[in-house]
file coords20.txt (compact mmCIF, C-alpha atoms)
# COMPACT_ATOMS: atom_id res chain seq x y z
CA MET A 14 120.87 114.64 69.93
CA ASN A 15 118.92 112.05 71.92
CA THR A 16 118.15 109.58 69.12
CA THR A 17 116.58 107.09 71.53
CA THR A 18 113.34 109.12 71.61
CA ASP A 19 112.89 109.16 67.81
CA PRO A 20 109.14 108.52 67.31
CA ASN A 21 109.85 106.38 64.25
CA LEU A 22 111.77 103.74 66.19
CA LYS A 23 110.15 100.30 66.33
CA SER A 24 111.06 97.27 68.41
CA TRP A 25 111.20 93.64 67.35
CA ILE A 26 109.16 93.00 70.50
CA GLU A 27 105.76 93.55 68.91
CA SER A 28 103.87 94.42 72.11
CA ALA A 29 106.08 97.52 72.44
CA ASN A 30 104.72 98.92 69.17
CA ALA A 31 101.04 99.03 70.22
CA PRO A 32 99.77 102.66 70.20
CA GLU A 33 98.61 102.65 73.85
CA CYS A 34 101.59 100.72 75.23
CA ASP A 35 103.14 102.41 78.26
CA PHE A 36 106.57 100.98 77.51
CA PRO A 37 107.57 101.47 73.85
CA ILE A 38 111.22 101.48 72.86
CA GLN A 39 111.28 105.28 73.36
CA ASN A 40 110.62 104.79 77.10
CA LEU A 41 112.85 102.04 78.59
CA PRO A 42 112.14 102.72 82.30
CA TYR A 43 114.10 100.98 85.07
CA GLY A 44 112.73 98.77 87.81
CA LEU A 45 113.60 95.87 90.11
CA PHE A 46 112.05 92.43 89.71
CA SER A 47 112.27 88.82 90.77
CA ARG A 48 111.29 85.86 88.63
CA SER A 49 108.63 83.35 89.62
CA GLY A 50 110.13 80.80 92.01
CA ASP A 51 113.33 82.82 92.49
CA ASP A 52 113.69 85.46 95.21
CA THR A 53 116.81 86.99 93.62
CA ARG A 54 116.18 90.65 92.81
CA ARG A 55 117.43 91.94 89.47
CA ILE A 56 117.46 95.27 87.69
CA GLY A 57 115.10 95.28 84.73
CA ILE A 58 114.01 97.56 81.91
CA ALA A 59 110.38 97.50 80.77
CA ILE A 60 109.78 96.98 77.04
CA GLY A 61 106.24 96.27 75.87
CA ASP A 62 104.82 93.48 78.03
CA ARG A 63 108.30 92.16 78.86
CA VAL A 64 111.12 92.90 81.28
CA LEU A 65 114.69 92.99 79.99
CA ASP A 66 117.01 91.38 82.56
CA CYS A 67 120.06 93.67 82.87
CA ARG A 68 122.17 91.12 84.72
CA ALA A 69 121.59 88.60 81.94
CA LEU A 70 122.62 91.22 79.37
CA VAL A 71 125.88 91.73 81.24
CA GLU A 72 126.60 88.01 81.68
CA LEU A 73 126.02 87.33 77.97
CA GLY A 74 128.37 90.15 76.98
CA HIS A 75 125.81 92.38 75.25
CA LEU A 76 127.13 95.50 76.99
CA ASP A 77 130.84 94.77 76.46
CA GLY A 78 132.55 97.55 74.55
CA HIS A 79 129.53 99.82 74.86
CA CYS A 80 129.30 100.47 78.59
CA SER A 81 131.95 100.89 81.27
CA PRO A 82 132.95 98.07 83.65
CA GLU A 83 131.46 100.18 86.47
CA ALA A 84 128.09 100.34 84.69
CA ARG A 85 128.10 96.62 83.94
CA CYS A 86 128.88 95.86 87.57
CA ALA A 87 126.17 98.22 88.83
CA LEU A 88 123.56 96.66 86.52
CA SER A 89 124.34 93.24 88.02
CA SER A 90 123.35 94.46 91.49
CA HIS A 91 120.21 93.70 93.50
CA ARG A 92 119.28 97.39 93.58
CA LEU A 93 119.63 100.50 91.40
CA ASN A 94 121.57 102.69 93.85
CA GLU A 95 125.03 101.97 92.43
CA PHE A 96 123.87 102.64 88.88
CA LEU A 97 122.12 105.85 89.96
CA GLY A 98 125.38 107.10 91.44
CA LEU A 99 127.32 106.74 88.16
CA GLY A 100 125.83 109.80 86.51
CA ARG A 101 124.30 110.98 83.30
CA GLU A 102 127.05 109.94 80.88
CA GLU A 103 126.91 106.33 82.04
CA TRP A 104 123.10 106.32 82.05
CA ARG A 105 123.03 107.51 78.45
CA ALA A 106 125.58 104.93 77.26
CA VAL A 107 123.45 102.09 78.67
CA ARG A 108 120.25 103.58 77.25
CA GLU A 109 121.72 103.90 73.78
CA ARG A 110 123.03 100.32 73.82
CA VAL A 111 119.75 98.84 75.09
CA SER A 112 117.81 100.83 72.49
CA SER A 113 120.00 99.43 69.73
CA LEU A 114 119.55 95.87 71.03
CA LEU A 115 115.78 96.21 70.90
CA ARG A 116 115.39 98.07 67.60
CA SER A 117 113.72 96.17 64.77
CA ASP A 118 116.07 97.63 62.16
CA MET A 119 119.29 96.54 63.92
CA PRO A 120 119.54 92.74 64.06
CA GLU A 121 121.49 91.52 67.08
CA SER A 122 122.27 88.14 68.56
CA LEU A 123 119.80 88.85 71.35
CA LYS A 124 116.99 88.84 68.81
CA ASP A 125 118.28 86.02 66.67
CA SER A 126 119.26 83.54 69.40
CA ALA A 127 116.32 81.79 71.06
CA ASP A 128 118.44 80.84 74.10
CA GLN A 129 119.64 84.38 74.69
CA HIS A 130 116.17 85.77 74.04
CA ASP A 131 114.72 83.56 76.77
CA ALA A 132 117.57 84.34 79.15
CA CYS A 133 117.20 88.11 78.83
CA LEU A 134 113.45 88.63 78.50
CA VAL A 135 110.64 87.60 80.82
CA ALA A 136 106.92 88.38 80.71
CA GLN A 137 105.86 91.12 83.12
CA ALA A 138 102.98 88.88 84.12
CA ASP A 139 105.50 86.35 85.46
CA VAL A 140 107.54 88.65 87.70
CA THR A 141 107.17 90.35 91.06
CA LEU A 142 108.09 94.03 91.05
CA HIS A 143 109.88 95.70 93.97
CA LEU A 144 110.99 99.20 94.90
CA PRO A 145 113.80 99.88 92.42
CA MET A 146 116.25 101.35 94.96
CA GLU A 147 116.95 101.52 98.66
CA ILE A 148 115.60 104.90 99.77
CA GLY A 149 117.78 106.58 102.35
CA ASP A 150 115.90 109.87 102.60
CA TYR A 151 112.57 111.18 101.37
CA THR A 152 111.48 114.83 101.19
CA ASP A 153 107.97 115.91 100.28
CA PHE A 154 107.32 119.38 98.87
CA TYR A 155 104.20 121.54 98.58
CA ALA A 156 104.77 122.88 95.09
CA SER A 157 101.28 123.39 93.61
CA LEU A 158 99.91 126.91 93.87
CA HIS A 159 96.37 125.64 93.28
CA HIS A 160 96.63 122.98 95.99
CA ALA A 161 98.23 125.33 98.52
CA THR A 162 95.61 128.00 97.81
CA ASN A 163 92.69 125.56 98.04
CA VAL A 164 93.81 123.97 101.29
CA GLY A 165 94.84 127.31 102.77
CA SER A 166 91.47 128.87 101.97
CA MET A 167 89.69 126.11 103.91
CA PHE A 168 91.51 127.00 107.11
CA ARG A 169 92.65 130.60 106.49
CA PRO A 170 90.07 132.16 104.13
CA ASP A 171 91.54 135.65 104.44
CA ASN A 172 95.15 134.57 103.92
CA PRO A 173 95.38 131.18 102.13
CA LEU A 174 99.11 131.33 101.33
CA LEU A 175 101.66 131.82 104.07
CA PRO A 176 104.08 134.74 103.49
CA ASN A 177 107.04 132.59 102.38
CA TRP A 178 105.21 130.29 99.97
CA LYS A 179 106.08 132.11 96.73
CA ASN A 180 109.65 132.78 97.84
CA LEU A 181 110.87 129.21 98.33
CA PRO A 182 109.76 125.60 97.76
CA VAL A 183 108.19 124.54 101.06
CA GLY A 184 108.75 120.93 102.13
CA TYR A 185 109.11 118.50 105.01
CA HIS A 186 111.10 115.32 105.58
CA GLY A 187 109.06 112.16 105.12
CA ARG A 188 109.53 108.62 106.38
CA SER A 189 111.43 106.43 103.91
CA SER A 190 110.80 103.22 105.89
CA SER A 191 107.09 103.31 104.98
CA VAL A 192 107.53 103.84 101.23
CA VAL A 193 106.12 100.79 99.42
CA VAL A 194 105.74 99.61 95.84
CA SER A 195 102.46 99.70 93.93
CA GLY A 196 100.10 96.87 94.84
CA THR A 197 101.01 96.83 98.53
CA PRO A 198 97.88 97.12 100.75
CA MET A 199 97.75 100.30 102.84
CA VAL A 200 96.62 99.62 106.42
CA ARG A 201 94.34 102.30 107.81
CA PRO A 202 96.38 104.06 110.50
CA SER A 203 95.30 104.94 113.99
CA GLY A 204 96.04 108.28 115.55
CA GLN A 205 95.18 110.99 118.04
CA THR A 206 92.47 113.41 116.93
CA VAL A 207 90.47 116.19 118.53
CA SER A 208 86.72 116.77 118.63
CA ALA A 209 85.13 119.44 116.46
CA ASP A 210 84.87 121.82 119.42
CA GLY A 211 88.53 121.28 120.27
CA GLU A 212 87.70 120.11 123.79
CA GLU A 213 88.41 116.36 123.78
CA THR A 214 91.11 114.19 122.28
CA SER A 215 90.75 110.52 121.40
CA PHE A 216 92.77 107.73 119.80
CA GLY A 217 91.61 105.23 117.22
CA PRO A 218 91.45 104.39 113.49
CA VAL A 219 91.47 107.57 111.41
CA ARG A 220 88.19 108.56 109.80
CA LEU A 221 89.40 111.01 107.17
CA LEU A 222 91.85 108.91 105.14
CA ASP A 223 92.87 110.57 101.87
CA TYR A 224 95.13 110.07 98.87
CA GLU A 225 97.42 112.67 97.33
CA LEU A 226 98.34 112.61 93.65
CA GLU A 227 102.07 113.32 93.42
CA VAL A 228 105.15 112.91 91.23
CA THR A 229 108.46 111.66 92.63
CA PHE A 230 111.99 112.52 91.47
CA VAL A 231 114.79 109.99 91.99
CA VAL A 232 118.24 111.34 92.91
CA GLY A 233 121.31 110.12 91.06
CA PRO A 234 124.79 111.33 92.13
CA GLY A 235 124.74 113.12 95.45
CA ASN A 236 126.79 116.01 96.80
CA PRO A 237 129.37 116.30 99.60
CA MET A 238 128.12 117.74 102.88
CA GLY A 239 128.51 121.51 102.85
CA ARG A 240 128.46 121.87 99.06
CA ARG A 241 125.21 122.91 97.38
CA ILE A 242 124.04 121.82 93.91
CA PRO A 243 123.56 124.79 91.54
CA ILE A 244 120.17 124.82 89.83
CA GLU A 245 121.73 124.63 86.36
CA GLU A 246 123.32 121.27 87.31
CA ALA A 247 120.01 119.69 88.32
CA ARG A 248 119.87 117.32 85.35
CA GLU A 249 123.21 115.85 86.36
CA HIS A 250 121.69 114.80 89.70
CA LEU A 251 118.13 113.76 88.77
CA PHE A 252 117.68 110.32 87.22
CA GLY A 253 113.95 110.10 86.55
CA LEU A 254 110.35 110.31 87.69
CA MET A 255 107.83 107.98 89.35
CA LEU A 256 104.18 108.29 90.35
CA MET A 257 103.29 108.61 94.03
CA ASN A 258 100.30 108.34 96.34
CA ASP A 259 101.08 110.20 99.55
CA TRP A 260 98.40 108.69 101.78
CA SER A 261 97.22 111.22 104.37
CA ALA A 262 95.21 111.10 107.61
CA ARG A 263 93.42 114.44 107.50
CA ASP A 264 91.89 114.30 110.99
CA VAL A 265 95.31 113.55 112.52
CA GLN A 266 96.90 116.23 110.34
CA LYS A 267 94.44 118.91 111.45
CA TRP A 268 95.31 118.33 115.12
CA GLU A 269 99.08 117.90 114.90
CA TYR A 270 100.31 120.14 112.07
CA GLN A 271 100.95 123.22 114.20
CA PRO A 272 103.64 124.19 114.98
CA LEU A 273 105.95 121.83 113.06
CA GLY A 274 103.84 120.49 110.20
CA PRO A 275 102.97 116.92 109.11
CA PHE A 276 104.12 114.03 111.27
CA ASN A 277 101.97 110.96 112.00
CA ALA A 278 99.41 112.11 109.43
CA LYS A 279 101.92 111.27 106.71
CA ASN A 280 104.44 108.76 108.07
CA PHE A 281 102.36 105.58 107.88
CA GLY A 282 102.56 104.90 104.15
CA THR A 283 103.54 106.20 100.73
CA THR A 284 103.05 104.23 97.51
CA LEU A 285 105.33 104.47 94.46
CA SER A 286 104.85 103.11 90.96
CA PRO A 287 107.42 100.39 90.19
CA TRP A 288 109.13 101.95 87.14
CA ILE A 289 111.46 104.97 86.96
CA VAL A 290 110.95 106.89 83.71
CA THR A 291 114.26 108.60 82.95
CA LEU A 292 114.69 112.28 82.13
CA ASP A 293 116.18 111.21 78.78
CA ALA A 294 112.91 109.48 77.90
CA LEU A 295 110.98 112.58 78.99
CA GLU A 296 112.94 115.06 76.85
CA PRO A 297 110.25 115.34 74.12
CA PHE A 298 107.73 116.33 76.78
CA MET A 299 109.73 118.95 78.64
CA VAL A 300 108.21 122.42 78.72
CA PRO A 301 109.51 125.77 80.01
CA GLY A 302 109.35 126.31 83.75
CA PRO A 303 106.20 128.06 85.01
CA ARG A 304 105.86 131.80 84.57
CA ARG A 305 105.57 134.00 87.60
CA GLY A 306 102.66 136.39 88.01
CA GLU A 307 103.17 140.15 87.84
CA ASP A 308 102.77 140.49 91.58
CA ASP A 309 104.89 137.46 92.47
CA PRO A 310 108.30 138.00 94.10
CA THR A 311 111.32 137.62 91.83
CA ASN A 312 113.19 134.39 92.43
CA LEU A 313 116.57 134.73 94.08
CA ASP A 314 119.54 133.85 91.88
CA TYR A 315 120.00 130.34 93.30
CA LEU A 316 116.42 129.50 92.21
CA THR A 317 116.74 131.05 88.75
CA TRP A 318 117.74 129.13 85.60
CA ALA A 319 116.95 130.33 82.10
CA ASP A 320 116.66 126.72 80.84
CA ASP A 321 114.56 125.42 83.72
CA PHE A 322 111.84 122.98 82.71
CA GLY A 323 108.64 121.25 83.67
CA VAL A 324 107.14 118.07 82.22
CA ASP A 325 103.89 117.81 80.27
CA LEU A 326 102.74 114.76 82.23
CA ASN A 327 99.06 113.79 82.24
CA LEU A 328 97.81 112.29 85.50
CA THR A 329 94.60 110.56 86.59
CA VAL A 330 93.21 109.18 89.84
CA GLU A 331 90.54 106.48 89.93
CA ILE A 332 88.79 104.85 92.88
CA SER A 333 87.32 101.36 92.93
CA SER A 334 85.33 100.13 95.92
CA GLU A 335 85.42 96.51 97.00
CA GLY A 336 81.83 96.16 95.80
CA MET A 337 82.69 97.57 92.38
CA ARG A 338 85.45 95.02 91.92
CA GLU A 339 83.13 92.18 92.96
CA GLN A 340 80.53 93.37 90.45
CA GLY A 341 83.02 93.96 87.65
CA ILE A 342 82.34 97.72 87.57
CA ASP A 343 85.14 99.86 86.13
CA PRO A 344 86.94 102.23 88.52
CA THR A 345 85.53 105.77 88.77
CA LEU A 346 87.67 108.64 87.50
CA VAL A 347 87.82 111.26 90.27
CA SER A 348 90.68 113.53 89.20
CA ARG A 349 92.58 114.49 86.06
CA GLY A 350 95.63 116.77 86.27
CA ASN A 351 98.95 117.68 84.67
CA TYR A 352 102.34 118.04 86.31
CA ALA A 353 103.11 121.10 84.16
CA ASP A 354 100.69 123.08 86.37
CA MET A 355 103.15 123.12 89.30
CA TYR A 356 104.51 126.46 90.58
CA TRP A 357 107.93 125.14 91.63
CA THR A 358 110.09 122.92 89.39
CA MET A 359 112.06 119.84 90.38
CA SER A 360 115.28 121.77 89.67
CA GLN A 361 114.26 124.49 92.10
CA MET A 362 113.38 121.92 94.75
CA LEU A 363 116.79 120.28 94.32
CA ALA A 364 118.64 123.61 94.45
CA HIS A 365 116.73 124.79 97.51
CA HIS A 366 117.05 121.49 99.38
CA THR A 367 120.84 121.52 98.96
CA SER A 368 121.28 125.29 99.38
CA THR A 369 122.38 124.71 102.98
CA GLY A 370 124.88 122.06 101.93
CA CYS A 371 122.51 119.22 102.83
CA PRO A 372 124.03 116.07 101.28
CA LEU A 373 121.97 113.88 98.97
CA ARG A 374 122.66 110.24 98.16
CA PRO A 375 121.81 108.02 95.17
CA GLY A 376 118.31 106.63 95.63
CA ASP A 377 116.96 109.52 97.71
CA ILE A 378 113.56 110.72 96.55
CA TYR A 379 111.76 114.04 96.35
CA ALA A 380 108.02 114.40 95.96
CA SER A 381 106.22 117.27 94.29
CA GLY A 382 103.37 117.60 96.72
CA THR A 383 99.78 117.25 95.56
CA VAL A 384 99.34 118.00 91.86
CA SER A 385 96.25 120.18 91.47
CA GLY A 386 94.99 122.40 88.65
CA GLU A 387 92.57 125.27 88.28
CA THR A 388 89.43 123.22 87.64
CA GLU A 389 87.42 121.26 90.18
CA ASP A 390 88.08 117.93 88.45
CA SER A 391 91.84 118.55 88.50
CA ARG A 392 92.11 118.76 92.29
CA GLY A 393 94.54 116.08 93.41
CA CYS A 394 93.09 114.80 96.71
CA LEU A 395 89.69 114.16 98.29
CA LEU A 396 90.16 117.02 100.78
CA GLU A 397 90.05 119.40 97.81
CA ARG A 398 87.87 117.33 95.51
CA THR A 399 85.00 117.09 98.02
CA TRP A 400 85.89 120.39 99.70
CA ARG A 401 86.35 118.90 103.20
CA GLY A 402 83.53 116.44 102.58
CA GLN A 403 80.87 119.02 101.69
CA HIS A 404 80.50 117.70 98.13
CA PRO A 405 80.83 113.89 98.13
CA ILE A 406 81.83 111.98 95.00
CA THR A 407 79.54 109.24 93.71
CA LEU A 408 81.31 106.03 92.65
CA GLY A 409 80.22 103.62 89.96
CA ASP A 410 78.28 101.43 92.42
CA GLY A 411 76.22 104.40 93.65
CA THR A 412 78.05 104.79 96.96
CA GLU A 413 79.41 108.19 98.00
CA ARG A 414 82.86 109.14 99.16
CA LYS A 415 83.94 112.07 101.28
CA PHE A 416 87.10 110.22 102.27
CA LEU A 417 88.40 106.69 101.68
CA GLN A 418 86.73 103.61 103.12
CA ASP A 419 88.22 100.20 103.85
CA GLY A 420 88.41 98.13 100.68
CA ASP A 421 88.77 101.17 98.39
CA GLU A 422 91.49 100.94 95.78
CA VAL A 423 93.19 104.14 94.62
CA ILE A 424 94.74 103.89 91.14
CA ILE A 425 97.06 106.61 89.79
CA ASN A 426 98.17 106.61 86.16
CA GLY A 427 100.44 108.91 84.21
CA TRP A 428 101.50 109.29 80.58
CA CYS A 429 103.07 111.78 78.19
CA GLU A 430 101.92 112.38 74.63
CA ARG A 431 102.58 115.23 72.23
CA GLU A 432 102.48 115.68 68.48
CA GLY A 433 105.73 114.49 66.95
CA ALA A 434 106.60 112.21 69.87
CA ARG A 435 105.81 108.62 70.84
CA ARG A 436 103.41 108.27 73.76
CA ILE A 437 105.07 106.85 76.90
CA GLY A 438 103.53 105.79 80.20
CA PHE A 439 104.53 105.18 83.80
CA GLY A 440 102.48 102.12 84.72
CA ALA A 441 99.97 102.16 87.55
CA CYS A 442 100.51 103.26 91.15
CA SER A 443 97.82 101.52 93.17
CA GLY A 444 96.93 100.39 96.66
CA VAL A 445 93.90 99.01 98.51
CA VAL A 446 92.91 100.36 101.94
CA ALA A 447 93.04 97.56 104.53
CA PRO A 448 91.33 97.76 107.94
CA ALA A 449 93.25 99.11 110.94
CA LEU A 450 95.29 96.54 112.86
CA GLU A 451 95.38 95.86 116.56
CA PRO A 452 98.59 96.79 118.47
CA VAL A 453 101.42 94.28 118.34
CA ALA A 454 101.26 91.95 121.37
CA THR A 455 104.30 91.93 123.67
call {"tool": "encode", "arguments": {"input": "coords20.txt", "output": "structure tokens"}}
result
Amino acid sequence: MNTTTDPNLKSWIESANAPECDFPIQNLPYGLFSRSGDDTRRIGIAIGDRVLDCRALVELGHLDGHCSPEARCALSSHRLNEFLGLGREEWRAVRERVSSLLRSDMPESLKDSADQHDACLVAQADVTLHLPMEIGDYTDFYASLHHATNVGSMFRPDNPLLPNWKNLPVGYHGRSSSVVVSGTPMVRPSGQTVSADGEETSFGPVRLLDYELEVTFVVGPGNPMGRRIPIEEAREHLFGLMLMNDWSARDVQKWEYQPLGPFNAKNFGTTLSPWIVTLDALEPFMVPGPRRGEDDPTNLDYLTWADDFGVDLNLTVEISSEGMREQGIDPTLVSRGNYADMYWTMSQMLAHHTSTGCPLRPGDIYASGTVSGETEDSRGCLLERTWRGQHPITLGDGTERKFLQDGDEVIINGWCEREGARRIGFGACSGVVAPALEPVAT
């Protein structure tokens, strides 16, 4: 039994007990931070409005006798990759120990000693957050039936879904070098586009810049080259989830995507939230994998698992223009979705990706593709939400948006809440669109 998600648990850190807190003791997500005035990067765990310094925990001996030497060494690193590679048993041992250290009903020296308290805990407001791991490879999927149908119907009204879509999780390899942490400005890219009549090409700043609401899965232990990961072993290889904005240049995408799919339309920037919410923390919110329709093809054996699961994860997208921020106007809600609406599960994506024997490594990431639902307000990008710009959205300052303008901030939030469980959140995934830059001088 996973006792760390017990909804009755309270922390002696009072901010963690607030009803709307993203980071109660039942969550304990991992991130990477540096303290003010110190560039050293450290692994941290979010609790309330604080960050628990894992390296300090190790140095003060709080994990001795509870976690392996390998885990203690990995938690002293400047990145999460080594810890991710240790596997589920080690992850759970650390989680259980940290939970006990933070529980209000289990007095520990960490709580009672002012010196140790100050050494191990720092206010989130006083730290800089970084990408938690070094990302070697990044694969983006296209797993929402609603999104694929909507986008397909814009360009292929008579045949929105391609023949293979319901047979396998479709994806493409992204660009890990342009994945950035929340809060990093996103420079408007330039690219080659074609005129509406298809006669002339031109190059310049993209006009149809979009966001995509997505969920990311972080890989733990990898697999040797040539050996696939069975779907029923997915939880042994998936550490946790993050929020993602897969920024997209729609005018570039329209021109380049045939015959090989997205390239420059997607490679210029992807934003991740700074905290990884573990699968252990998400257990109370796991739901059965999506049902297939009567006319849908039966999954092949390697994509079939009786205990497959989705996550009941609520998601929102808000947009704030530069003018709105100057006037103190709240961001405008433009989309509200749920990850449970996806057609393909993260386990199926993992099993399919490795079905050829493709090796994964700790810190690799998968993305779900745009999360869209059945209703208009649950469409997860502006391409869908405005239906290719035919139905603009009005922001709180009265301006309209077909696609993103310079100065716009896109804010993605996610949280899980169900009866009988403690609400947990992911923290924000945000970025402001900056103007296009001139070429680098030689």
call {"tool": "residues_around", "arguments": {"input": "coords20.txt", "residues": "segment 175-189 of chain A", "least_positions_apart": "2", "cutoff": "8 Å", "atoms": "only C-alpha atoms", "output": "PyMOL selection string"}}
result
chain A and resi 148-156+172-173+191-192+274-275+279-281+309-312+357+361-362+365
call {"tool": "write_last_selection", "arguments": {"input": "coords20.txt", "atoms": "C-alpha atoms", "output": "PDB file, keeping the file's coordinate frame"}}
result
ATOM      1  CA  ILE A 148     115.600 104.900  99.770  1.00  0.00           C
ATOM      2  CA  GLY A 149     117.780 106.580 102.350  1.00  0.00           C
ATOM      3  CA  ASP A 150     115.900 109.870 102.600  1.00  0.00           C
ATOM      4  CA  TYR A 151     112.570 111.180 101.370  1.00  0.00           C
ATOM      5  CA  THR A 152     111.480 114.830 101.190  1.00  0.00           C
ATOM      6  CA  ASP A 153     107.970 115.910 100.280  1.00  0.00           C
ATOM      7  CA  PHE A 154     107.320 119.380  98.870  1.00  0.00           C
ATOM      8  CA  TYR A 155     104.200 121.540  98.580  1.00  0.00           C
ATOM      9  CA  ALA A 156     104.770 122.880  95.090  1.00  0.00           C
ATOM     10  CA  ASN A 172      95.150 134.570 103.920  1.00  0.00           C
ATOM     11  CA  PRO A 173      95.380 131.180 102.130  1.00  0.00           C
ATOM     12  CA  SER A 191     107.090 103.310 104.980  1.00  0.00           C
ATOM     13  CA  VAL A 192     107.530 103.840 101.230  1.00  0.00           C
ATOM     14  CA  GLY A 274     103.840 120.490 110.200  1.00  0.00           C
ATOM     15  CA  PRO A 275     102.970 116.920 109.110  1.00  0.00           C
ATOM     16  CA  LYS A 279     101.920 111.270 106.710  1.00  0.00           C
ATOM     17  CA  ASN A 280     104.440 108.760 108.070  1.00  0.00           C
ATOM     18  CA  PHE A 281     102.360 105.580 107.880  1.00  0.00           C
ATOM     19  CA  ASP A 309     104.890 137.460  92.470  1.00  0.00           C
ATOM     20  CA  PRO A 310     108.300 138.000  94.100  1.00  0.00           C
ATOM     21  CA  THR A 311     111.320 137.620  91.830  1.00  0.00           C
ATOM     22  CA  ASN A 312     113.190 134.390  92.430  1.00  0.00           C
ATOM     23  CA  TRP A 357     107.930 125.140  91.630  1.00  0.00           C
ATOM     24  CA  GLN A 361     114.260 124.490  92.100  1.00  0.00           C
ATOM     25  CA  MET A 362     113.380 121.920  94.750  1.00  0.00           C
ATOM     26  CA  HIS A 365     116.730 124.790  97.510  1.00  0.00           C
TER      27      HIS A 365
END
call {"tool": "atom_distance", "arguments": {"input": "coords20.txt", "atom1": "atom CA of Val193 of chain A", "atom2": "atom CA of Glu335 of chain A"}}
result
21.3 Å
call {"tool": "residues_around", "arguments": {"input": "coords20.txt", "residues": "Leu285 of chain A", "least_positions_apart": "5", "cutoff": "6 Å", "atoms": "all atoms listed in the file", "output": "VMD selection string"}}
result
chain A and resid 194 to 195 256 to 257 442
call {"tool": "residues_around", "arguments": {"input": "coords20.txt", "residues": "Met146 of chain A", "least_positions_apart": "4", "cutoff": "12 Å", "atoms": "all atoms listed in the file", "output": "short mmCIF file (atom, residue, chain, number, x, y, z; two decimals) with C-alpha atoms, in the frame of the given file"}}
result
data_model
loop_
_atom_site.label_atom_id
_atom_site.label_comp_id
_atom_site.auth_asym_id
_atom_site.auth_seq_id
_atom_site.Cartn_x
_atom_site.Cartn_y
_atom_site.Cartn_z
CA TYR A 43 114.10 100.98 85.07
CA GLY A 44 112.73 98.77 87.81
CA LEU A 45 113.60 95.87 90.11
CA PHE A 46 112.05 92.43 89.71
CA ARG A 54 116.18 90.65 92.81
CA ARG A 55 117.43 91.94 89.47
CA ILE A 56 117.46 95.27 87.69
CA GLY A 57 115.10 95.28 84.73
CA SER A 90 123.35 94.46 91.49
CA HIS A 91 120.21 93.70 93.50
CA ARG A 92 119.28 97.39 93.58
CA LEU A 93 119.63 100.50 91.40
CA ASN A 94 121.57 102.69 93.85
CA GLU A 95 125.03 101.97 92.43
CA PHE A 96 123.87 102.64 88.88
CA LEU A 97 122.12 105.85 89.96
CA GLY A 98 125.38 107.10 91.44
CA LEU A 142 108.09 94.03 91.05
CA ASP A 150 115.90 109.87 102.60
CA SER A 189 111.43 106.43 103.91
CA VAL A 192 107.53 103.84 101.23
CA VAL A 193 106.12 100.79 99.42
CA VAL A 194 105.74 99.61 95.84
CA VAL A 231 114.79 109.99 91.99
CA VAL A 232 118.24 111.34 92.91
CA GLY A 233 121.31 110.12 91.06
CA PHE A 252 117.68 110.32 87.22
CA LEU A 285 105.33 104.47 94.46
CA PRO A 287 107.42 100.39 90.19
CA TRP A 288 109.13 101.95 87.14
CA ILE A 289 111.46 104.97 86.96
CA ARG A 374 122.66 110.24 98.16
CA PRO A 375 121.81 108.02 95.17
CA GLY A 376 118.31 106.63 95.63
CA ASP A 377 116.96 109.52 97.71
CA ILE A 378 113.56 110.72 96.55
#
call {"tool": "residues_around", "arguments": {"input": "coords20.txt", "residues": "Glu102 of chain A", "least_positions_apart": "5", "cutoff": "12 Å", "atoms": "only C-alpha atoms", "output": "PyMOL selection string"}}
result
chain A and resi 80-81+84+96-97+107-109+233-234+248-250+252+293
call {"tool": "atom_distance", "arguments": {"input": "coords20.txt", "atom1": "atom CA of Met167 of chain A", "atom2": "atom CA of Asn258 of chain A"}}
result
22.0 Å
call {"tool": "closest_residue", "arguments": {"input": "coords20.txt", "among": "A:His159, A:Arg48, A:Arg101, A:Arg169", "to": "Glu246 of chain A", "atoms": "all atoms listed in the file"}}
result
A:Arg101
call {"tool": "closest_residue", "arguments": {"input": "coords20.txt", "among": "A:Asp223, A:Asp259, A:Asp343, A:Glu72", "to": "Asp419 of chain A", "atoms": "all atoms listed in the file"}}
result
A:Asp223
call {"tool": "closest_residue", "arguments": {"input": "coords20.txt", "among": "A:Tyr352, A:Tyr224, A:Tyr315, A:Trp268", "to": "Phe298 of chain A", "atoms": "all atoms listed in the file"}}
result
A:Tyr352
call {"tool": "closest_residue", "arguments": {"input": "coords20.txt", "among": "A:Ser261, A:Gln129, A:Ser24, A:Gln137", "to": "Leu73 of chain A", "atoms": "all atoms listed in the file"}}
result
A:Gln129
call {"tool": "axis_aligned_box", "arguments": {"input": "coords20.txt", "around": "segment 204-209 of chain A", "padding_each_side": "3 Å", "output": "lines of an AutoDock Vina configuration file"}}
result
center_x = 90.6
center_y = 113.9
center_z = 117.1
size_x = 16.9
size_y = 17.2
size_z = 9.1
call {"tool": "residues_around", "arguments": {"input": "coords20.txt", "residues": "Thr358 of chain A", "least_positions_apart": "5", "cutoff": "10 Å", "atoms": "all atoms listed in the file", "output": "number ranges by chain"}}
result
A: 156-157, 182, 301-303, 316, 321-324, 352-353, 363-364, 381
call {"tool": "residues_near_point", "arguments": {"input": "coords20.txt", "point": "(121.6, 106.6, 72.4)", "cutoff": "7 Å", "atoms": "all atoms listed in the file", "output": "PDB file with C-alpha atoms, in the frame of the given file"}}
result
ATOM      1  CA  ASN A  15     118.920 112.050  71.920  1.00  0.00           C
ATOM      2  CA  THR A  16     118.150 109.580  69.120  1.00  0.00           C
ATOM      3  CA  THR A  17     116.580 107.090  71.530  1.00  0.00           C
ATOM      4  CA  ARG A 105     123.030 107.510  78.450  1.00  0.00           C
ATOM      5  CA  ALA A 106     125.580 104.930  77.260  1.00  0.00           C
ATOM      6  CA  ARG A 108     120.250 103.580  77.250  1.00  0.00           C
ATOM      7  CA  GLU A 109     121.720 103.900  73.780  1.00  0.00           C
ATOM      8  CA  ARG A 110     123.030 100.320  73.820  1.00  0.00           C
ATOM      9  CA  SER A 112     117.810 100.830  72.490  1.00  0.00           C
TER      10      SER A 112
END
